[in-house]
Each structure stands twice: as structure tokens, then as C-alpha cells.
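Asker: Just one file: my_file-v1.tsv, with TSV, C-alpha atoms and all ligand atoms.
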```
chain	number	residue	atom	x	y	z
A	582	MET	CA	-25.32	63.28	10.09
A	583	LYS	CA	-24.26	65.16	6.98
A	584	ILE	CA	-21.07	67.17	7.40
A	585	PRO	CA	-20.57	70.13	7.13
A	586	PHE	CA	-23.81	71.38	8.68
A	587	ASN	CA	-25.22	74.76	9.67
A	588	PRO	CA	-24.52	74.88	13.44
A	589	ILE	CA	-27.10	77.62	14.09
A	590	GLU	CA	-29.80	75.41	12.61
A	591	ARG	CA	-28.43	72.45	14.54
A	592	ALA	CA	-28.43	74.49	17.77
A	593	LYS	CA	-32.15	75.25	17.27
A	594	ILE	CA	-33.03	71.62	16.60
A	595	VAL	CA	-30.94	70.33	19.51
A	596	GLU	CA	-32.30	72.97	21.90
A	597	GLU	CA	-35.83	71.81	21.03
A	598	ILE	CA	-34.80	68.29	22.03
A	599	VAL	CA	-32.91	69.04	25.22
A	600	MET	CA	-35.07	71.86	26.60
A	601	GLU	CA	-38.67	71.57	27.78
A	602	ASP	CA	-39.83	74.94	29.12
A	603	ASN	CA	-37.23	75.83	31.76
A	604	LYS	CA	-36.01	72.24	32.06
A	605	ARG	CA	-32.88	70.86	30.40
A	606	LYS	CA	-31.66	67.32	29.96
A	607	TYR	CA	-28.85	66.18	32.28
A	608	TYR	CA	-27.49	62.67	32.68
A	609	ARG	CA	-25.19	63.02	35.69
A	610	PHE	CA	-24.20	65.23	38.65
A	611	ARG	CA	-20.79	64.76	40.24
A	612	PHE	CA	-17.77	66.21	41.97
A	613	ALA	CA	-14.99	66.15	39.35
A	614	PRO	CA	-11.21	66.43	39.90
A	615	TYR	CA	-10.67	69.16	37.25
A	616	TYR	CA	-9.86	72.76	38.32
A	617	LEU	CA	-8.65	71.27	41.66
A	618	GLY	CA	-12.17	70.01	42.33
A	619	ILE	CA	-15.41	71.27	40.81
A	620	VAL	CA	-19.12	70.53	41.14
A	621	THR	CA	-20.22	69.36	37.70
A	622	ALA	CA	-23.61	68.89	36.06
A	623	ASP	CA	-23.30	66.84	32.86
A	624	THR	CA	-25.77	67.72	30.16
A	625	VAL	CA	-26.39	66.63	26.55
A	626	GLY	CA	-26.80	68.51	23.30
A	627	CYS	CA	-24.33	70.50	21.22
A	628	CYS	CA	-24.42	72.63	18.08
A	629	PHE	CA	-21.12	71.07	16.96
A	630	LEU	CA	-20.19	67.43	16.53
A	631	CYS	CA	-16.44	67.42	17.11
A	632	ALA	CA	-14.48	64.44	15.86
A	633	TYR	CA	-12.79	64.08	19.27
A	634	CYS	CA	-15.79	64.85	21.50
A	635	TRP	CA	-15.58	62.59	24.56
A	636	ASN	CA	-19.38	62.66	24.65
A	637	TYR	CA	-19.76	62.04	20.90
A	638	PHE	CA	-22.58	59.50	21.03
A	639	ARG	CA	-24.71	61.39	23.56
A	640	ASN	CA	-24.30	64.57	21.50
A	641	LEU	CA	-25.08	62.73	18.28
A	642	ASN	CA	-28.34	61.39	19.75
A	643	PRO	CA	-29.36	63.72	22.60
A	644	GLU	CA	-32.96	62.46	22.48
A	645	LYS	CA	-31.79	59.10	23.83
A	646	PHE	CA	-29.98	60.35	26.93
A	647	GLY	CA	-30.68	62.27	30.12
A	648	GLU	CA	-33.68	63.45	32.10
A	649	PHE	CA	-35.20	66.90	32.29
A	650	TYR	CA	-34.25	69.06	35.30
A	651	SER	CA	-35.36	72.62	36.07
A	652	SER	CA	-32.78	75.26	37.05
A	653	GLU	CA	-34.09	74.96	40.61
A	654	GLU	CA	-33.51	71.20	40.63
A	655	VAL	CA	-30.05	71.52	39.06
A	656	SER	CA	-28.91	74.21	41.49
A	657	ARG	CA	-30.33	72.28	44.47
A	658	ILE	CA	-28.32	69.18	43.52
A	659	MET	CA	-25.17	71.19	42.76
A	660	ILE	CA	-25.38	73.11	46.04
A	661	LYS	CA	-25.81	69.86	47.95
A	662	ILE	CA	-22.61	68.44	46.36
A	663	ALA	CA	-20.82	71.76	47.00
A	664	ASN	CA	-21.71	71.70	50.69
A	665	LYS	CA	-20.68	68.08	51.06
A	666	LYS	CA	-17.31	68.68	49.34
A	667	ASN	CA	-16.76	72.15	50.82
A	668	CYS	CA	-16.37	73.49	47.28
A	669	THR	CA	-17.56	76.74	45.68
A	670	LYS	CA	-16.58	75.99	42.08
A	671	PHE	CA	-19.23	74.94	39.56
A	672	ARG	CA	-19.56	74.10	35.88
A	673	ILE	CA	-21.80	72.45	33.31
A	674	SER	CA	-19.98	69.88	31.21
A	675	GLY	CA	-20.63	67.11	28.70
A	676	ALA	CA	-22.12	69.30	25.99
A	677	GLU	CA	-22.73	72.93	25.03
A	678	PRO	CA	-24.50	74.86	27.83
A	679	ILE	CA	-25.68	77.67	25.51
A	680	LEU	CA	-27.70	76.54	22.48
A	681	GLY	CA	-30.06	79.50	22.27
A	682	LYS	CA	-32.09	81.81	24.49
A	683	ASN	CA	-33.96	79.06	26.31
A	684	SER	CA	-30.84	77.23	27.49
A	685	PHE	CA	-29.09	80.57	28.11
A	686	TYR	CA	-31.80	81.70	30.56
A	687	HIS	CA	-31.84	78.24	32.15
A	688	LEU	CA	-28.13	78.79	32.87
A	689	LEU	CA	-28.65	82.33	34.21
A	690	LYS	CA	-31.32	81.06	36.59
A	691	ILE	CA	-28.85	78.44	37.92
A	692	LEU	CA	-26.33	81.25	38.47
A	693	ASP	CA	-28.96	83.31	40.34
A	694	LEU	CA	-29.85	80.41	42.60
A	695	ILE	CA	-26.21	79.57	43.39
A	696	LYS	CA	-25.61	83.28	44.08
A	697	GLU	CA	-28.41	83.22	46.66
A	698	LYS	CA	-26.54	80.54	48.63
A	699	PHE	CA	-22.91	81.54	48.17
A	700	LYS	CA	-21.64	85.09	48.57
A	701	GLU	CA	-18.52	84.06	46.70
A	702	PHE	CA	-18.35	81.33	44.08
A	703	GLU	CA	-16.78	80.57	40.71
A	704	PHE	CA	-18.77	79.27	37.78
A	705	ILE	CA	-16.76	78.15	34.78
A	706	ILE	CA	-18.80	78.41	31.61
A	707	GLU	CA	-17.25	75.89	29.23
A	708	THR	CA	-18.52	76.74	25.77
A	709	ASN	CA	-17.60	76.48	22.11
A	710	GLY	CA	-18.54	80.16	21.83
A	711	LEU	CA	-20.75	79.87	18.75
A	712	ILE	CA	-24.03	81.14	20.19
A	713	LEU	CA	-22.38	83.86	22.29
A	714	GLY	CA	-20.60	85.08	19.15
A	715	TYR	CA	-23.58	84.78	16.80
A	716	TYR	CA	-26.10	86.35	19.20
A	717	SER	CA	-23.55	88.59	20.87
A	718	GLU	CA	-26.29	90.75	22.42
A	719	LEU	CA	-26.59	87.95	24.99
A	720	ILE	CA	-23.16	88.80	26.35
A	721	LYS	CA	-24.30	91.98	28.06
A	722	GLU	CA	-26.72	89.85	30.10
A	723	LEU	CA	-23.71	88.07	31.59
A	724	ARG	CA	-22.30	91.33	32.95
A	725	PRO	CA	-24.14	91.23	36.31
A	726	TYR	CA	-22.37	87.90	36.98
A	727	LYS	CA	-18.91	89.04	35.94
A	728	ASN	CA	-17.39	88.64	39.42
A	729	SER	CA	-18.33	84.97	39.51
A	730	ILE	CA	-18.15	83.69	35.95
A	731	PHE	CA	-15.14	82.58	33.93
A	732	VAL	CA	-15.74	81.73	30.30
A	733	ARG	CA	-13.54	79.09	28.72
A	734	ILE	CA	-14.00	79.01	24.96
A	735	SER	CA	-12.88	75.80	23.36
A	736	ILE	CA	-11.67	76.91	19.92
A	737	LYS	CA	-12.18	74.20	17.30
A	738	GLY	CA	-9.54	75.06	14.75
A	739	TRP	CA	-6.86	77.53	13.80
A	740	ASP	CA	-8.61	78.58	10.59
A	741	GLU	CA	-11.85	77.98	8.69
A	742	ASP	CA	-10.65	74.74	7.11
A	743	SER	CA	-9.50	73.05	10.32
A	744	PHE	CA	-12.62	74.33	12.14
A	745	GLU	CA	-14.90	72.61	9.62
A	746	LYS	CA	-13.01	69.33	9.86
A	747	ILE	CA	-12.85	69.31	13.66
A	748	SER	CA	-16.34	70.60	14.55
A	749	GLY	CA	-18.31	69.30	11.56
A	750	ALA	CA	-19.84	72.79	11.24
A	751	ASP	CA	-19.67	74.93	8.10
A	752	ARG	CA	-16.42	76.86	7.92
A	753	LYS	CA	-18.12	80.26	7.75
A	754	TYR	CA	-19.15	79.96	11.42
A	755	PHE	CA	-15.56	79.83	12.71
A	756	VAL	CA	-15.50	83.59	12.97
A	757	TYR	CA	-18.27	83.64	15.61
A	758	THR	CA	-16.23	81.65	18.11
A	759	ILE	CA	-13.50	84.29	17.85
A	760	GLU	CA	-16.14	87.03	18.01
A	761	ALA	CA	-17.42	85.62	21.32
A	762	LEU	CA	-13.97	85.91	22.84
A	763	LYS	CA	-13.60	89.46	21.61
A	764	LYS	CA	-17.03	90.60	22.84
A	765	LEU	CA	-16.63	88.94	26.25
A	766	LYS	CA	-13.37	90.79	26.76
A	767	GLU	CA	-14.96	94.07	25.65
A	768	ASN	CA	-17.61	93.47	28.32
A	769	GLU	CA	-14.89	92.86	30.92
A	770	ILE	CA	-15.88	89.26	31.46
A	771	VAL	CA	-12.96	86.93	32.11
A	772	ALA	CA	-12.64	84.67	29.06
A	773	TRP	CA	-9.87	82.68	27.44
A	774	PRO	CA	-9.45	80.19	24.58
A	775	ALA	CA	-8.57	76.53	25.03
A	776	VAL	CA	-7.21	74.29	22.26
A	777	MET	CA	-6.62	70.58	21.89
A	778	TYR	CA	-2.87	70.05	21.58
A	779	GLU	CA	-2.84	66.71	19.78
A	780	ILE	CA	-5.01	68.15	17.00
A	781	PHE	CA	-3.49	71.63	16.78
A	782	GLY	CA	0.16	70.68	17.22
A	783	GLU	CA	2.75	73.46	17.26
A	784	ASN	CA	1.68	74.62	13.79
A	785	GLY	CA	-1.97	75.08	14.69
A	786	LEU	CA	-1.05	76.72	17.96
A	787	ARG	CA	1.14	79.23	16.13
A	788	LYS	CA	-1.62	79.93	13.60
A	789	ILE	CA	-4.35	80.52	16.21
A	790	LYS	CA	-2.02	82.82	18.14
A	791	GLU	CA	-1.47	84.83	14.93
A	792	ARG	CA	-5.20	84.94	14.20
A	793	LEU	CA	-6.02	86.19	17.70
A	794	ARG	CA	-3.27	88.78	17.47
A	795	LYS	CA	-4.71	90.00	14.15
A	796	GLU	CA	-8.08	90.39	15.86
A	797	ASN	CA	-6.37	92.39	18.65
A	798	ILE	CA	-7.23	89.75	21.23
A	799	GLU	CA	-4.57	89.68	23.93
A	800	THR	CA	-4.88	86.38	25.74
A	801	ASP	CA	-3.18	83.31	27.08
A	802	ILE	CA	-4.22	80.05	25.45
A	803	GLU	CA	-5.04	77.02	27.56
A	804	VAL	CA	-3.74	73.82	26.05
A	805	GLU	CA	-5.73	70.69	26.80
A	806	TYR	CA	-4.89	67.10	26.03
A	807	LEU	CA	-7.02	64.53	24.31
A	808	GLU	CA	-8.72	61.62	26.03
A	809	LYS	CA	-8.02	58.94	23.41
A	810	TYR	CA	-11.21	56.90	23.47
A	811	SER	CA	-11.21	54.05	20.94
A	812	PHE	CA	-13.79	55.73	18.66
A	813	VAL	CA	-11.85	59.03	18.47
A	814	GLU	CA	-9.11	57.85	16.12
A	815	GLY	CA	-11.70	56.53	13.64
A	816	ASN	CA	-13.71	59.76	13.80
A	817	LEU	CA	-10.56	61.82	13.19
A	818	ARG	CA	-9.54	59.68	10.23
A	819	LYS	CA	-12.97	60.05	8.60
A	820	ARG	CA	-12.57	63.83	8.77
A	821	GLY	CA	-9.01	63.77	7.41
A	822	LEU	CA	-7.48	64.68	10.77
A	823	PHE	CA	-4.50	63.09	12.49
A	824	PHE	CA	-2.76	63.33	15.84
A	825	SER	CA	0.09	65.81	15.71
B	1	LIG	S1	-18.11	71.60	21.23
B	1	LIG	FE1	-17.51	70.32	22.98
B	1	LIG	S2	-19.40	69.26	23.59
B	1	LIG	FE2	-19.72	70.09	21.52
B	1	LIG	S3	-19.24	68.39	20.16
B	1	LIG	FE3	-17.39	69.67	20.42
B	1	LIG	S4	-16.24	68.71	22.09
B	1	LIG	FE4	-18.33	67.91	22.18
```
Go ahead and render the structure in this file as C-alpha cells.
Answerer:
Amino acid sequence: MKIPFNPIERAKIVEEIVMEDNKRKYYRFRFAPYYLGIVTADTVGCCFLCAYCWNYFRNLNPEKFGEFYSSEEVSRIMIKIANKKNCTKFRISGAEPILGKNSFYHLLKILDLIKEKFKEFEFIIETNGLILGYYSELIKELRPYKNSIFVRISIKGWDEDSFEKISGADRKYFVYTIEALKKLKENEIVAWPAVMYEIFGENGLRKIKERLRKENIETDIEVEYLEKYSFVEGNLRKRGLFFS
């Protein structure tokens, strides 16, 4: 895979691979310990290819992994796990849930179906923010769900240069991940940025805080910590990145 790449083009290509009509590829459904317990559907396919992605190989070759599931099938499995675990928190993990309109509407349908079963629930949309920022008109379609959704945007850099190294995507697309955060807040949807501490370090953290302040985005930043799989260090080195 040639780096840097155009992530909008990559999103289109990957969405073609991981979506078939209303069905998307998933490789696992589980109850995960994060967020004090959350029903999780693990999918494949991302518009970025982050050096530290814990699902790097599945996202590099999404055609090789997973099976197609409709929104109805996904929600049925998730609801079953939720009932068994007495849990009303949900998320899609493993890759980027929003690659374009097709995957976006697949996600909305899952939300609708969960809403039919649970009067109150929380759905954490874990995203890199690119598609929501680039096609920001999609954000208003999230408004009817605003009491149940929480959007966590994983920011892949503190500036254009670090973004390109970390995500593999062309530096000029960094701005859209910030734009997503801004537009979600304007639409009164709960959203916050998350950053990887070992990559950002104190310097990167300070710089992203400054950048968000310049953009008039008032927010707390979630700091996450790296799962140091053996391949991660090599990937980071190839991109000229090091642990802070
Ligand atoms: S945005 Fe997330 S899922 Fe996509 S490559 Fe990066 S770490 Fe992996």
C-alpha cells in the first residue's frame, strides 16, 4: 500500500469491499470490558491505515476477513448479548464504521432497531471522523439519535505532518477530522476527541489542545494507551514514529 494515500478514495474502495447492499462484513460479536462493559460488533475496513492499528492486517486486507451481516442480523445478535449481560451499551469496533453513505445508513438502521427494543441505551460511535467531516451534511441525520449516541473521534495527529505519518493518509485530510468534531458539537451531538498517549506524548497533547482552541472547540481530550503488539513497533519505525 503506497503511503500517503487519498483516504476518500480509499474509503470508496473499502466500502465496495465490505458492503454488499445493506450488509456489512463483521468478524466477531462479543461483550467487551471497555466502558465498564459494552456489547461490541467487530467489523473490518477503514479509510486510514494507522501504524499502530490493533487490527492492522484485517484493515489492510478487508476482503480476506469477515462475513456479511445485514443491520437486522447485527442488531439481533447485539440485542441478544445485551439481554444476556443486562447491558444497554453498544458500539462497533475493529475498523471505521462510517466509510460512506452505504455504511452510514447500515449503522443508522442498527440504531433504529436497537431503539425499538430499548427505550434507553447508549451507542458509542468510535470513528476517525474523516467521512463525517468530509461529508458533513451526514451529521444532521444523526440528530434524531442525539439522546442515545456518543461520538468518540480518534484524532490521528496533532498537525498535518504527524497525521500523515500516523494514519498513512494525505496530510490535507487532517482538517476534516477536526471539522467533524466541530460540526457534531454545532449539532448538539455529544462528541469528544481521543488521542494515543505513547504517540502524542506531552508535546503532541499540548499541540492538539492549542489547535482545538484555535478552532474554538471547547472539549476534554480522552487519552488512550497503546496495545503494543509485536508488529506495531516495526510499523511505527517505517513511518518515522517513535514511542514518546
Ligand atoms: S482509524 Fe482506527 S480502525 Fe482505522 S486504521 Fe486507524 S486505528 Fe485502525
Asker: Measuring atom to atom with all atoms listed in the file, identify which of A:Glu648, A:Asp740, A:Glu760, A:Ala750 is nearest to Glu791 (chain A).
Answerer: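 That would be A:Asp740, the residue with the smallest distance to Glu791 (chain A).
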Asker: Any idea what's packed within 6 Å of region 803-810 of chain A, counting all atoms listed in the file, ignoring anything in its chain fewer than 5 positions away? Could you give it as a list of chain:residue names?
Answerer: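 In the requested format, the answer is A:Ala775, A:Val776, A:Met777, A:Tyr778.
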Asker: Near Lys746 (chain A), counting all atoms listed in the file, which residues have an atom at most 9 Å away, once you skip same-chain residues fewer than 4 positions from it, shown as a list of chain:residue names?
Answerer: A:Ile584, A:Pro585, A:Cys631, A:Ala632, A:Lys737, A:Gly738, A:Glu741, A:Asp742, A:Ala750, A:Asp751, A:Arg752, A:Leu817, A:Arg820, A:Gly821, A:Leu822
Asker: Give the answer as one residue: which of A:Val599, A:Met582, A:Val732, A:Leu793 has the shortest atom-to-atom distance to Ile706 (chain A), using all atoms listed in the file?
Answerer: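 For Ile706 (chain A), the nearest of the given residues is A:Val732.
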Asker: Counting only C-alpha atoms and all ligand atoms, which residue out of A:Leu723, A:Ile594, A:Ala622, A:Ile747 sits closest to ligand LIG 1 (chain B)?
Answerer: A:Ile747
Asker: Ligand LIG 1 (chain B): which residues are within 6 Å, counting all atoms listed in the file? Reply as a list in words.
Answerer: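 Based on all atoms listed in the file, ligand LIG 1 (chain B) is surrounded within 6 Å by Cys627, Phe629, Leu630, Cys631, Cys634, Asn636, Gly675, Ala676, Glu677 and Asn709 of chain A.
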Asker: Could you check which of A:Ser811, A:Met659, A:Phe824, A:Ser729 is closest to Trp635 (chain A), using only C-alpha atoms?
Answerer: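 Checking each candidate against Trp635 (chain A), we get A:Ser811 as the closest.
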Asker: Find the residue from A:Phe731, A:Tyr633, A:Phe610, A:Tyr716 that sits nearest to Lys766 (chain A); use only C-alpha atoms when measuring.
Answerer: A:Phe731
Asker: Of the candidates A:Tyr607, A:Tyr637, A:Phe685, A:Tyr615, which one gets nearest to Phe649 (chain A) if we count only C-alpha atoms?
Answerer: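 Closest residue, counting only C-alpha atoms: A:Tyr607.
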Asker: Mind giving me the straight-line distance from CA of Ser748 (chain A) to CA of Thr621 (chain A) in Å, one decimal?
Answerer: 23.5 Å
Asker: Work out how far CA of Ser735 (chain A) is from CA of Lys606 (chain A), in Å to one decimal.
Answerer: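 Separation between CA of Lys606 (chain A) and CA of Ser735 (chain A): 21.6 Å.
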Asker: In Å, how far is it from CA of Asn728 (chain A) to CA of Cys668 (chain A)?
Answerer: 17.1 Å
